[in-house]
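Peer 1: Quick one, start_8.pdb (PDB, C-alpha atoms):
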ATOM      1  CA  MET A   1      -9.128  -8.231 -26.163
ATOM      2  CA  TYR A   2      -5.646  -9.053 -24.879
ATOM      3  CA  ILE A   3      -4.924  -5.565 -23.557
ATOM      4  CA  GLU A   4      -5.088  -6.825 -19.948
ATOM      5  CA  TYR A   5      -2.237  -9.242 -20.628
ATOM      6  CA  ILE A   6      -0.176  -6.563 -22.356
ATOM      7  CA  THR A   7      -0.773  -4.056 -19.566
ATOM      8  CA  LEU A   8       0.046  -6.545 -16.809
ATOM      9  CA  GLY A   9       3.098  -7.670 -18.777
ATOM     10  CA  ALA A  10       4.243  -4.052 -19.074
ATOM     11  CA  VAL A  11       3.764  -3.525 -15.315
ATOM     12  CA  LEU A  12       5.689  -6.749 -14.698
ATOM     13  CA  LEU A  13       8.551  -5.675 -16.951
ATOM     14  CA  LEU A  14       8.728  -2.090 -15.677
ATOM     15  CA  SER A  15       8.615  -3.187 -12.064
ATOM     16  CA  TYR A  16      11.439  -5.650 -12.703
ATOM     17  CA  ILE A  17      13.535  -3.002 -14.480
ATOM     18  CA  GLY A  18      12.757  -0.541 -11.685
ATOM     19  CA  HIS A  19      13.674  -3.069  -8.960
ATOM     20  CA  ASN A  20      10.157  -2.766  -7.539
ATOM     21  CA  MET A  21       9.874  -6.406  -6.503
ATOM     22  CA  THR A  22       6.672  -5.880  -4.521
ATOM     23  CA  VAL A  23       4.836  -4.718  -7.626
ATOM     24  CA  PHE A  24       6.666  -7.347  -9.698
ATOM     25  CA  TYR A  25       5.426 -10.214  -7.502
ATOM     26  CA  ALA A  26       1.932  -8.749  -7.318
ATOM     27  CA  ALA A  27       1.754  -8.347 -11.094
ATOM     28  CA  ALA A  28       3.101 -11.880 -11.568
ATOM     29  CA  ILE A  29       0.429 -13.298  -9.266
ATOM     30  CA  VAL A  30      -2.378 -11.391 -10.990
ATOM     31  CA  LEU A  31      -1.063 -12.227 -14.457
ATOM     32  CA  GLY A  32      -0.692 -15.875 -13.463
ATOM     33  CA  LEU A  33      -4.270 -16.014 -12.192
ATOM     34  CA  LYS A  34      -5.447 -14.348 -15.399
ATOM     35  CA  ILE A  35      -3.481 -16.706 -17.673
ATOM     36  CA  LEU A  36      -4.712 -19.765 -15.752
ATOM     37  CA  GLY A  37      -8.304 -18.535 -16.020
ATOM     38  CA  LEU A  38      -8.797 -18.575 -12.252
ATOM     39  CA  THR A  39     -11.483 -15.899 -12.365
ATOM     40  CA  THR A  40     -12.926 -16.771  -8.959
ATOM     41  CA  ALA A  41      -9.525 -16.434  -7.299
ATOM     42  CA  LEU A  42      -8.862 -13.202  -9.204
ATOM     43  CA  ASN A  43     -12.207 -11.767  -8.108
ATOM     44  CA  ALA A  44     -11.595 -12.845  -4.497
ATOM     45  CA  LEU A  45      -8.192 -11.180  -4.581
ATOM     46  CA  GLY A  46      -9.741  -8.028  -5.999
ATOM     47  CA  SER A  47     -12.522  -7.833  -3.436
ATOM     48  CA  GLN A  48     -10.719  -9.116  -0.320
ATOM     49  CA  GLY A  49      -7.012  -8.684  -1.055
ATOM     50  CA  LEU A  50      -6.762  -5.276   0.587
ATOM     51  CA  ASN A  51      -8.218  -6.657   3.822
ATOM     52  CA  TRP A  52      -5.907  -9.699   3.681
ATOM     53  CA  GLY A  53      -2.921  -7.418   3.122
ATOM     54  CA  ILE A  54      -3.799  -5.210   6.068
ATOM     55  CA  ILE A  55      -4.198  -8.262   8.294
ATOM     56  CA  ILE A  56      -0.781  -9.622   7.248
ATOM     57  CA  LEU A  57       0.857  -6.205   7.651
ATOM     58  CA  THR A  58      -0.667  -5.739  11.101
ATOM     59  CA  ALA A  59       0.422  -9.227  12.147
ATOM     60  CA  ALA A  60       3.987  -8.453  10.998
ATOM     61  CA  ILE A  61       3.969  -5.253  13.037
ATOM     62  CA  LEU A  62       2.864  -7.187  16.142
ATOM     63  CA  VAL A  63       5.662  -9.795  15.888
ATOM     64  CA  PRO A  64       8.165  -7.724  17.956
ATOM     65  CA  ILE A  65       5.624  -7.729  20.798
ATOM     66  CA  ALA A  66       5.285 -11.515  20.531
ATOM     67  CA  ASN A  67       9.091 -11.871  20.458
ATOM     68  CA  GLY A  68       9.502  -9.668  23.516
ATOM     69  CA  THR A  69      11.510  -7.063  21.590
ATOM     70  CA  ILE A  70       8.822  -4.489  22.333
ATOM     71  CA  THR A  71       7.392  -4.473  25.846
ATOM     72  CA  ILE A  72       4.838  -2.369  27.656
ATOM     73  CA  GLN A  73       7.749  -0.372  29.083
ATOM     74  CA  THR A  74       9.272   0.358  25.663
ATOM     75  CA  MET A  75       5.822   1.419  24.475
ATOM     76  CA  LEU A  76       5.451   3.781  27.430
ATOM     77  CA  ASP A  77       8.970   5.104  26.836
ATOM     78  CA  ALA A  78       7.797   6.336  23.418
ATOM     79  CA  PHE A  79       5.963   9.143  25.238
ATOM     80  CA  ARG A  80       9.207  10.394  26.811
ATOM     81  CA  THR A  81      11.106  11.613  23.741
ATOM     82  CA  HIS A  82      10.395  14.136  21.024
ATOM     83  CA  ALA A  83      10.991  11.503  18.356
ATOM     84  CA  GLY A  84       8.606   9.114  20.108
ATOM     85  CA  ILE A  85       5.838  11.699  20.358
ATOM     86  CA  ILE A  86       6.329  12.733  16.729
ATOM     87  CA  ALA A  87       6.204   9.059  15.724
ATOM     88  CA  ILE A  88       2.954   8.567  17.670
ATOM     89  CA  VAL A  89       1.380  11.578  15.933
ATOM     90  CA  ALA A  90       2.720  10.422  12.556
ATOM     91  CA  GLY A  91       1.293   6.942  13.180
ATOM     92  CA  LEU A  92      -2.056   8.453  14.099
ATOM     93  CA  LEU A  93      -2.093  10.606  10.954
ATOM     94  CA  ALA A  94      -0.986   7.657   8.807
ATOM     95  CA  ALA A  95      -3.789   5.484  10.202
ATOM     96  CA  VAL A  96      -6.377   8.179   9.513
ATOM     97  CA  ALA A  97      -4.961   8.817   6.033
ATOM     98  CA  GLY A  98      -4.813   5.066   5.371
ATOM     99  CA  GLY A  99      -8.484   4.772   6.284
ATOM    100  CA  GLY A 100      -9.205   7.577   3.862
ATOM    101  CA  GLY A 101      -7.030   5.787   1.314
ATOM    102  CA  VAL A 102      -9.126   2.624   1.608
ATOM    103  CA  GLU A 103     -12.259   4.709   1.106
ATOM    104  CA  LEU A 104     -10.684   6.498  -1.868
ATOM    105  CA  LEU A 105      -9.589   3.234  -3.510
ATOM    106  CA  GLN A 106     -13.062   1.751  -3.046
ATOM    107  CA  ASN A 107     -15.008   4.808  -4.208
ATOM    108  CA  SER A 108     -12.643   6.148  -6.877
ATOM    109  CA  PRO A 109     -10.895   3.210  -8.534
ATOM    110  CA  ASP A 110      -9.929   5.541 -11.387
ATOM    111  CA  VAL A 111      -7.053   6.844  -9.240
ATOM    112  CA  ILE A 112      -5.479   3.383  -8.862
ATOM    113  CA  PRO A 113      -3.498   3.528 -12.136
ATOM    114  CA  ALA A 114      -2.072   6.919 -11.157
ATOM    115  CA  LEU A 115      -1.109   5.594  -7.717
ATOM    116  CA  ILE A 116       0.641   2.613  -9.286
ATOM    117  CA  ILE A 117       2.498   4.840 -11.764
ATOM    118  CA  GLY A 118       3.515   7.195  -8.968
ATOM    119  CA  THR A 119       4.726   4.345  -6.769
ATOM    120  CA  MET A 120       6.730   2.802  -9.595
ATOM    121  CA  ALA A 121       8.230   6.180 -10.542
ATOM    122  CA  GLY A 122       9.207   6.843  -6.920
ATOM    123  CA  VAL A 123      11.039   3.532  -6.708
ATOM    124  CA  LEU A 124      12.701   3.834 -10.105
ATOM    125  CA  LEU A 125      13.659   7.524 -10.085
ATOM    126  CA  PHE A 126      14.193   8.254  -6.402
ATOM    127  CA  HIS A 127      15.209   4.839  -5.047
ATOM    128  CA  GLY A 128      12.146   4.838  -2.818
ATOM    129  CA  VAL A 129      10.416   1.859  -1.309
ATOM    130  CA  ALA A 130       7.216   0.487  -2.780
ATOM    131  CA  VAL A 131       4.857   0.969   0.127
ATOM    132  CA  GLY A 132       1.881   0.430  -2.104
ATOM    133  CA  PRO A 133      -1.200   2.196  -3.276
ATOM    134  CA  LEU A 134      -2.826   2.256   0.170
ATOM    135  CA  ILE A 135      -0.405   4.791   1.613
ATOM    136  CA  ALA A 136      -0.394   6.750  -1.640
ATOM    137  CA  GLY A 137      -4.180   6.629  -1.563
ATOM    138  CA  GLY A 138      -4.133   7.896   2.012
ATOM    139  CA  LEU A 139      -1.858  10.776   1.070
ATOM    140  CA  THR A 140      -4.062  11.539  -1.944
ATOM    141  CA  TYR A 141      -7.137  11.467   0.294
ATOM    142  CA  PHE A 142      -5.447  13.767   2.823
ATOM    143  CA  ILE A 143      -4.350  16.279   0.169
ATOM    144  CA  LEU A 144      -7.795  16.264  -1.463
ATOM    145  CA  TRP A 145      -9.364  16.762   1.986
ATOM    146  CA  ILE A 146      -7.107  19.783   2.630
ATOM    147  CA  LEU A 147      -7.866  21.247  -0.816
ATOM    148  CA  LYS A 148     -11.578  20.822  -0.215
ATOM    149  CA  ALA A 149     -11.289  22.478   3.208
ATOM    150  CA  VAL A 150      -9.506  25.586   1.885
ATOM    151  CA  ARG A 151     -11.968  26.205  -0.958
TER     152      ARG A 151
END
Just dump the structure as structure tokens.

Peer 2:
Amino acid sequence: MYIEYITLGAVLLLSYIGHNMTVFYAAAIVLGLKILGLTTALNALGSQGLNWGIIILTAAILVPIANGTITIQTMLDAFRTHAGIIAIVAGLLAAVAGGGGVELLQNSPDVIPALIIGTMAGVLLFHGVAVGPLIAGGLTYFILWILKAVR
């Protein structure tokens, strides 16, 4: 009956202990919505939050263009170095994997707890950065796709 509160409280506590402030704030928001009984807001967050997050992330990535830090010339210069070309390929692969991650999260929500545990463990044990379940979902999708291809 109250298991949701206990579970969210545990995620909140573990993320605080593990210095995973992204998960901490997210858990605090969800727990707050749950405690306040804001079911409509909670459901909206659950159904649209991923899209909102991607929009905000994309906007943040575009800020250096708006500020003039990144210009057309600096973008073209990315094709002139090995690191730039590798970064372009990595970005392409990440975008494809991220798309697969969105599909995986939508079609197989049973993997979400494992992705959260893995993200929290990576931050706590290896001083990683909480990049979130989307990237982990994309990597999971990519690995599953490779395993399926070699069978």

Peer 1: Which neighbours of Ile54 of chain A fall inside 12 Å, counting all atoms listed in the file, when residues of the same chain fewer than 3 positions from it are skipped, and could you give them as number ranges by chain?

Peer 2: A: 48-51, 57-61, 95, 98-99, 102, 132, 134-135

Peer 1: Considering only C-alpha atoms, return as a list in words whatever protein or nucleic-acid residues lie within 12 Å of Ile117 of chain A, sequence-local ones (same chain, fewer than 3 positions apart) excluded.

Peer 2: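 Non-adjacent residues within range: Ala10, Val11, Leu14, Ser15, Gly18, Asn20, Val23, Val111, Ile112, Pro113, Ala114, Met120, Ala121, Gly122, Val123, Leu124, Leu125, Ala130, Gly132, Pro133 and Ala136 of chain A.
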
Peer 1: Just give me the gap between atom CA of Val150 of chain A and atom CA of Gly137 of chain A in Å, one decimal is fine.

Peer 2: 20.0 Å

Peer 1: If I wrap all listed atoms of segment 107-116 of chain A in a box with edges along x, y and z and add 3 Å on each side, what are its centre and edge lengths in Å to one decimal, as JSON?

Peer 2:
{"center_x": -7.2, "center_y": 4.8, "center_z": -8.2, "size_x": 21.6, "size_y": 10.3, "size_z": 13.9}

Peer 1: Segment 29-46 of chain A: which residues within 9 Å, counting all atoms listed in the file, same-chain residues fewer than 5 positions away excluded, as a VMD selection string?

Peer 2: chain A and resid 4 to 5 8 to 9 12 24 52

Peer 1: Report, in Å to a single decimal, how far apart atom CA of Ala28 of chain A and atom CA of Gly138 of chain A are.

Peer 2: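 It comes out at 25.1 Å.
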
Peer 1: Nearest to Ser47 of chain A among A:Thr7, A:Thr22, A:Thr74, A:Gln106, with distances taken over only C-alpha atoms: which residue is it?

Peer 2: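 Residue with the minimum atom-to-atom distance to Ser47 of chain A: A:Gln106.
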
Peer 1: Hey, what's within 7 Å of Ala97 of chain A if we count all atoms listed in the file and toss same-chain stuff fewer than 6 positions away? As a PyMOL selection string, please?

Peer 2: chain A and resi 138-139+141-142

Peer 1: Residues as selected, C-alpha atoms, written as a CSV table (one decimal), in the coordinates of the input, can you do that?

Peer 2:
chain,number,residue,atom,x,y,z
A,138,GLY,CA,-4.1,7.9,2.0
A,139,LEU,CA,-1.9,10.8,1.1
A,141,TYR,CA,-7.1,11.5,0.3
A,142,PHE,CA,-5.4,13.8,2.8

Peer 1: Rank nothing, just name the residue among A:Ile3, A:Ile88, A:Ile56, A:Ile116 nearest to Ala27 of chain A, using only C-alpha atoms.

Peer 2: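 Looking only at the distances to Ala27 of chain A, the closest residue turns out to be A:Ile116.
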
Peer 1: My list of candidates is A:Tyr2, A:Ala78, A:Thr119, A:Leu104. Which is closest to Thr140 of chain A when distances are computed with all atoms listed in the file?

Peer 2: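 Nearest to Thr140 of chain A: A:Leu104.
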
Peer 1: May I ask you to restore N, CA and C atoms in segment 97-122 of chain A and write the result as a compact mmCIF listing (two decimals), in the frame of the given file?

Peer 2:
# COMPACT_ATOMS: atom_id res chain seq x y z
N ALA A 97 -5.13 8.68 7.48
CA ALA A 97 -4.96 8.82 6.03
C ALA A 97 -5.14 7.47 5.34
N GLY A 98 -4.64 6.40 5.94
CA GLY A 98 -4.81 5.07 5.37
C GLY A 98 -6.28 4.69 5.29
N GLY A 99 -7.04 5.02 6.32
CA GLY A 99 -8.48 4.77 6.28
C GLY A 99 -9.14 5.55 5.16
N GLY A 100 -8.71 6.78 4.99
CA GLY A 100 -9.20 7.58 3.86
C GLY A 100 -8.75 6.99 2.54
N GLY A 101 -7.54 6.42 2.53
CA GLY A 101 -7.03 5.79 1.31
C GLY A 101 -7.86 4.59 0.92
N VAL A 102 -8.26 3.78 1.90
CA VAL A 102 -9.13 2.62 1.61
C VAL A 102 -10.44 3.11 1.01
N GLU A 103 -11.00 4.14 1.62
CA GLU A 103 -12.26 4.71 1.11
C GLU A 103 -12.07 5.25 -0.31
N LEU A 104 -10.98 5.95 -0.54
CA LEU A 104 -10.68 6.50 -1.87
C LEU A 104 -10.53 5.39 -2.90
N LEU A 105 -9.79 4.34 -2.57
CA LEU A 105 -9.59 3.23 -3.51
C LEU A 105 -10.90 2.51 -3.82
N GLN A 106 -11.79 2.42 -2.83
CA GLN A 106 -13.06 1.75 -3.05
C GLN A 106 -14.03 2.62 -3.85
N ASN A 107 -14.04 3.91 -3.57
CA ASN A 107 -15.01 4.81 -4.21
C ASN A 107 -14.52 5.45 -5.49
N SER A 108 -13.21 5.52 -5.69
CA SER A 108 -12.64 6.15 -6.88
C SER A 108 -11.55 5.26 -7.47
N PRO A 109 -11.92 4.11 -8.00
CA PRO A 109 -10.90 3.21 -8.53
C PRO A 109 -10.13 3.80 -9.72
N ASP A 110 -10.63 4.90 -10.27
CA ASP A 110 -9.93 5.54 -11.39
C ASP A 110 -8.58 6.12 -10.98
N VAL A 111 -8.35 6.31 -9.68
CA VAL A 111 -7.05 6.84 -9.24
C VAL A 111 -6.00 5.75 -9.08
N ILE A 112 -6.42 4.49 -9.08
CA ILE A 112 -5.48 3.38 -8.86
C ILE A 112 -4.34 3.36 -9.88
N PRO A 113 -4.63 3.52 -11.19
CA PRO A 113 -3.50 3.53 -12.14
C PRO A 113 -2.49 4.64 -11.85
N ALA A 114 -2.98 5.81 -11.47
CA ALA A 114 -2.07 6.92 -11.16
C ALA A 114 -1.24 6.61 -9.91
N LEU A 115 -1.85 5.97 -8.93
CA LEU A 115 -1.11 5.59 -7.72
C LEU A 115 -0.03 4.57 -8.03
N ILE A 116 -0.34 3.62 -8.90
CA ILE A 116 0.64 2.61 -9.29
C ILE A 116 1.79 3.26 -10.05
N ILE A 117 1.46 4.14 -10.99
CA ILE A 117 2.50 4.84 -11.76
C ILE A 117 3.38 5.67 -10.83
N GLY A 118 2.76 6.38 -9.91
CA GLY A 118 3.52 7.20 -8.97
C GLY A 118 4.42 6.37 -8.09
N THR A 119 3.92 5.24 -7.60
CA THR A 119 4.73 4.34 -6.77
C THR A 119 5.92 3.80 -7.55
N MET A 120 5.65 3.36 -8.77
CA MET A 120 6.73 2.80 -9.60
C MET A 120 7.76 3.88 -9.93
N ALA A 121 7.30 5.09 -10.23
CA ALA A 121 8.23 6.18 -10.54
C ALA A 121 9.08 6.53 -9.32
N GLY A 122 8.46 6.54 -8.14
CA GLY A 122 9.21 6.84 -6.92
C GLY A 122 10.30 5.84 -6.64
